[in-house]
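Below you'll find the structure, written out as structure tokens, and then a few comments.
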There are 2 protein chains.
Amino acid sequence: MDSDYGKLRDKLDTGKYKVTRQREAILQVLCHHKDEHMSAEEIYDRVRELYPDIGLATIYRTLDILTDLNMVHRLDFGDGRARYELVQDKPHHHHHLICLRCGSISEVKDDLLYQLEETVDREHGFLIVDHRLQFLGYCANCRDFNS
Amino acid sequence: MDSDYGKLRDKLDTGKYKVTRQREAILQVLCHHKDEHMSAEEIYDRVRELYPDIGLATIYRTLDILTDLNMVHRLDFGDGRARYELVQDKPHHHHHLICLRCGSISEVKDDLLYQLEETVDREHGFLIVDHRLQFLGYCANCRDFNS
DNA sequence: TATCTATTGAGAAAGATTATCAGTGCCGAG
DNA sequence: CTCGGCACTGATAATCTTTCTCAATAGATA
């Protein structure tokens, strides 16, 4: 975990951007909540425990930078706010399972889309560089409540 | 086209909701721009050509109703505003191709996800009721501009 | 230390959507 | 025909997330 934080710090420290205390605090929070898909507000609340005087704008600005550097992914689950996910070392392509009852978000590894992407390229001449795939439904805990 | 509008009118006219002139105008616009993925504002502008005094709130309220009735789908392409798509007669499952250069949005028919959905159900106990799949890349017109 | 920028915090501003509320139109009962 | 109820409407205020602005500050370098 600490080694992960070190790697993140190094990635940020490439000359283009300064490594400030605020940015360090944000990296720590992202590191310690790897699998949570936090919103900017949630990150803000947690960073203030480490650095109480930070401003919300700084959270947004830093997340923009980290997104540019491909250190985090900005996600949109359709709930009206962006969510952020730390990019892991291993490419680890995955999709999201969004539970319509409890709102939990889990992940599916694997990627069976290559075949479909080939078809799209061949038949539509569309050059794919990324995709977004979400499944909506009911998680193992909730599916029984929906008869 | 007119027959499509008639079908839409009938679907709306089920006793639960009144068929008002404003709602008729909105249905007409949706009908005449089937493949456009319009935003609320764009629908607003076009409806005002038929019914100049309509209010924006009525557009939103009607689109909510039509979404409830499963007559339109609310889409989110990540550009900060919702977009709306008329639900076609034939189930016509499809995905969206979003061009990162010109912003055009086209569609791919076909659905190769059933296999993947089975896997998700079996391995995660997650009951899927819908999915969202978008491909990001460059369309046939734009791909050559990106070296 | 002095200087030059990037960075920051606070608050204003933007932009999409929703809530509020008084007024309107429609329909059925009397 | 009139009345009363109620869904619907338009205007506008309010909400919520995100971005912008700007003066003040901090960090790196010479």
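Order determines the names: the first chain of the structure tokens is A, the second B, and so forth; residues in each chain are numbered 1 upward, and ligands are numbered 1 upward as they are shown.
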Looking only at helix (DSSP H, G or I) from DSSP on the backbone, list the matching residues of chain B as a PyMOL selection string. chain B and resi 2-12+21-32+40-50+56-68+114-124+143-145
I'd like the contact shell of Val129 of chain B - 8 Å cut-off, only C-alpha atoms (C1' of nucleotides), skipping same-chain residues fewer than 4 positions apart - returned as a list in words. Phe135, Leu136, Gly137 and Tyr138 of chain A
Take the residues from that selection and put them in a file with C-alpha atoms, as a PDB file, in the first residue's frame.
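Written file, result-v1.pdb:
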```
ATOM      1  CA  PHE A 135     -24.668  -3.715 -16.187  1.00  0.00           C
ATOM      2  CA  LEU A 136     -27.767  -2.642 -14.303  1.00  0.00           C
ATOM      3  CA  GLY A 137     -29.627  -5.107 -12.140  1.00  0.00           C
ATOM      4  CA  TYR A 138     -29.793  -6.631  -8.691  1.00  0.00           C
TER       5      TYR A 138
END
```
If you run DSSP on this backbone, which residues of segment 59-146 of chain A come out as strand (DSSP E), and could you give them as a PyMOL selection string? chain A and resi 72-76+82-86+95-99+105-108+127-138
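Considering only C-alpha atoms (C1' of nucleotides), the residue among C:DC4, C:DA16, C:DC27, C:DC21 positioned nearest to chain A is C:DA16.
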What are the closest atom pairs, with distances in Å to one decimal, for all residues of chain D lying within 12 Å of chain A? Consider only C-alpha atoms (C1' of nucleotides), order rows by chain and residue number, and present the result as JSON lines.
```
{"residue": "D:DC16", "atom": "C1'", "partner": "A:Gly80", "partner_atom": "CA", "distance": 8.7}
{"residue": "D:DT17", "atom": "C1'", "partner": "A:Arg81", "partner_atom": "CA", "distance": 6.5}
{"residue": "D:DT18", "atom": "C1'", "partner": "A:Tyr60", "partner_atom": "CA", "distance": 8.1}
{"residue": "D:DT19", "atom": "C1'", "partner": "A:Ala57", "partner_atom": "CA", "distance": 8.6}
{"residue": "D:DC20", "atom": "C1'", "partner": "A:Ala57", "partner_atom": "CA", "distance": 10.1}
{"residue": "D:DT21", "atom": "C1'", "partner": "A:Ala57", "partner_atom": "CA", "distance": 11.9}
{"residue": "D:DA26", "atom": "C1'", "partner": "A:Thr20", "partner_atom": "CA", "distance": 9.1}
{"residue": "D:DG27", "atom": "C1'", "partner": "A:Lys18", "partner_atom": "CA", "distance": 8.3}
{"residue": "D:DA28", "atom": "C1'", "partner": "A:Lys18", "partner_atom": "CA", "distance": 9.5}
```
Output C-alpha atoms (C1' of nucleotides) of each residue in that selection to a file, as a PDB file, in the first residue's frame.
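The resulting result_5.pdb:
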```pdb
ATOM      1  C1'  DC D  16     -26.537  20.599  -7.110  1.00  0.00           C
ATOM      2  C1'  DT D  17     -22.175  19.619  -9.236  1.00  0.00           C
ATOM      3  C1'  DT D  18     -18.466  21.572 -11.416  1.00  0.00           C
ATOM      4  C1'  DT D  19     -15.720  25.446 -13.220  1.00  0.00           C
ATOM      5  C1'  DC D  20     -13.973  30.131 -13.089  1.00  0.00           C
ATOM      6  C1'  DT D  21     -11.828  34.228 -11.007  1.00  0.00           C
ATOM      7  C1'  DA D  26       4.221  28.457  -1.316  1.00  0.00           C
ATOM      8  C1'  DG D  27       8.043  26.100  -3.810  1.00  0.00           C
ATOM      9  C1'  DA D  28      11.911  25.826  -6.626  1.00  0.00           C
TER      10       DA D  28
END
```
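Residue-level contact on chain A: within 12 Å of chain C, counting only C-alpha atoms (C1' of nucleotides), the set is Gly15, Lys16, Tyr17, Lys18, Val19, Thr20, Arg21, Gln22, Arg23, Pro52, Asp53, Ile54, Gly55, Leu56, Ala57, Thr58, Ile59, Arg61, Thr62 and Gly80 of chain A.
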Using only C-alpha atoms, which chain B residues lie at most 9 Å away from chain A, written as a PyMOL selection string? chain B and resi 76+78+80+97+99+108+111-113+115-117+120+124-143
Okay, now the selection with N, CA and C atoms, as a short mmCIF file (atom, residue, chain, number, x, y, z; two decimals), in the first residue's frame?
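Just written: part.cif:
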```cif
data_model
loop_
_atom_site.label_atom_id
_atom_site.label_comp_id
_atom_site.auth_asym_id
_atom_site.auth_seq_id
_atom_site.Cartn_x
_atom_site.Cartn_y
_atom_site.Cartn_z
N ASP B 76 -26.99 8.92 -21.46
CA ASP B 76 -25.97 9.79 -20.88
C ASP B 76 -24.65 9.53 -21.59
N GLY B 78 -22.07 11.49 -21.28
CA GLY B 78 -20.97 12.10 -20.54
C GLY B 78 -20.65 13.52 -20.93
N GLY B 80 -22.57 16.07 -20.01
CA GLY B 80 -23.18 16.97 -19.04
C GLY B 80 -24.67 17.24 -19.22
N LEU B 97 -21.71 4.48 -30.75
CA LEU B 97 -20.34 4.80 -31.13
C LEU B 97 -20.17 6.31 -31.02
N CYS B 99 -17.86 9.51 -31.40
CA CYS B 99 -16.60 9.96 -32.01
C CYS B 99 -15.97 11.05 -31.17
N VAL B 108 -24.65 0.77 -33.28
CA VAL B 108 -24.38 -0.58 -33.75
C VAL B 108 -25.53 -1.45 -33.32
N ASP B 111 -26.19 -7.76 -30.67
CA ASP B 111 -25.96 -7.85 -29.24
C ASP B 111 -25.20 -9.11 -28.94
N LEU B 112 -23.93 -8.94 -28.71
CA LEU B 112 -23.09 -10.09 -28.40
C LEU B 112 -22.85 -10.19 -26.90
N LEU B 113 -23.70 -9.53 -26.13
CA LEU B 113 -23.45 -9.48 -24.70
C LEU B 113 -24.13 -10.61 -23.91
N GLN B 115 -23.84 -13.70 -23.85
CA GLN B 115 -22.87 -14.64 -23.33
C GLN B 115 -22.21 -14.08 -22.06
N LEU B 116 -21.79 -12.82 -22.17
CA LEU B 116 -21.14 -12.18 -21.04
C LEU B 116 -22.11 -12.03 -19.87
N GLU B 117 -23.36 -11.75 -20.18
CA GLU B 117 -24.35 -11.58 -19.12
C GLU B 117 -24.61 -12.88 -18.37
N VAL B 120 -21.85 -13.31 -15.91
CA VAL B 120 -22.01 -12.43 -14.75
C VAL B 120 -23.02 -12.99 -13.78
N HIS B 124 -21.30 -14.09 -10.38
CA HIS B 124 -21.45 -13.03 -9.39
C HIS B 124 -22.82 -13.03 -8.73
N GLY B 125 -23.71 -13.86 -9.19
CA GLY B 125 -25.06 -13.85 -8.64
C GLY B 125 -25.78 -12.55 -8.87
N PHE B 126 -25.38 -11.85 -9.92
CA PHE B 126 -25.94 -10.53 -10.20
C PHE B 126 -26.99 -10.67 -11.29
N LEU B 127 -28.21 -10.25 -10.99
CA LEU B 127 -29.32 -10.37 -11.94
C LEU B 127 -29.39 -9.14 -12.84
N ILE B 128 -29.04 -9.31 -14.10
CA ILE B 128 -28.96 -8.17 -15.01
C ILE B 128 -30.32 -7.85 -15.60
N VAL B 129 -30.69 -6.58 -15.57
CA VAL B 129 -31.93 -6.19 -16.23
C VAL B 129 -31.68 -5.25 -17.41
N ASP B 130 -30.51 -4.64 -17.44
CA ASP B 130 -30.20 -3.76 -18.56
C ASP B 130 -28.69 -3.56 -18.61
N HIS B 131 -28.22 -2.99 -19.72
CA HIS B 131 -26.81 -2.65 -19.78
C HIS B 131 -26.62 -1.38 -20.58
N ARG B 132 -25.49 -0.78 -20.38
CA ARG B 132 -25.11 0.40 -21.13
C ARG B 132 -23.74 0.13 -21.74
N LEU B 133 -23.66 0.24 -23.04
CA LEU B 133 -22.37 0.02 -23.69
C LEU B 133 -22.10 1.12 -24.69
N GLN B 134 -20.98 1.78 -24.52
CA GLN B 134 -20.59 2.83 -25.44
C GLN B 134 -19.16 2.57 -25.90
N PHE B 135 -18.92 2.81 -27.17
CA PHE B 135 -17.56 2.74 -27.69
C PHE B 135 -17.07 4.14 -28.00
N LEU B 136 -15.87 4.45 -27.54
CA LEU B 136 -15.28 5.75 -27.80
C LEU B 136 -14.16 5.58 -28.82
N GLY B 137 -14.12 6.46 -29.79
CA GLY B 137 -13.06 6.34 -30.78
C GLY B 137 -13.24 7.35 -31.89
N TYR B 138 -12.87 6.96 -33.11
CA TYR B 138 -12.93 7.89 -34.23
C TYR B 138 -13.73 7.28 -35.37
N CYS B 139 -14.68 8.06 -35.86
CA CYS B 139 -15.58 7.55 -36.90
C CYS B 139 -14.85 7.50 -38.24
N ALA B 140 -15.51 6.94 -39.22
CA ALA B 140 -14.89 6.73 -40.52
C ALA B 140 -14.37 8.04 -41.12
N ASN B 141 -15.06 9.13 -40.88
CA ASN B 141 -14.63 10.41 -41.42
C ASN B 141 -13.43 10.99 -40.68
N CYS B 142 -13.33 10.68 -39.42
CA CYS B 142 -12.34 11.35 -38.57
C CYS B 142 -11.09 10.53 -38.31
N ARG B 143 -11.13 9.25 -38.52
CA ARG B 143 -10.02 8.40 -38.08
C ARG B 143 -8.72 8.75 -38.79
#
```
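For the pair atom CA of Arg83 of chain B and atom CA of Met38 of chain B, the interatomic distance is 5.2 Å.
In this model, the gap between atom CA of Phe145 of chain B and atom CA of Glu118 of chain A comes to 20.6 Å.
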Tell me, as an MDAnalysis selection string, which residues lie within 8 Å of segment 2-12 of chain A, counting only C-alpha atoms (C1' of nucleotides); anything in the same chain fewer than 5 positions away does not count. chainID A and resid 17:19 24 27:28 31 66 69 71
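Between atom CA of Gly103 of chain B and atom CA of Leu86 of chain B the separation is 20.0 Å.
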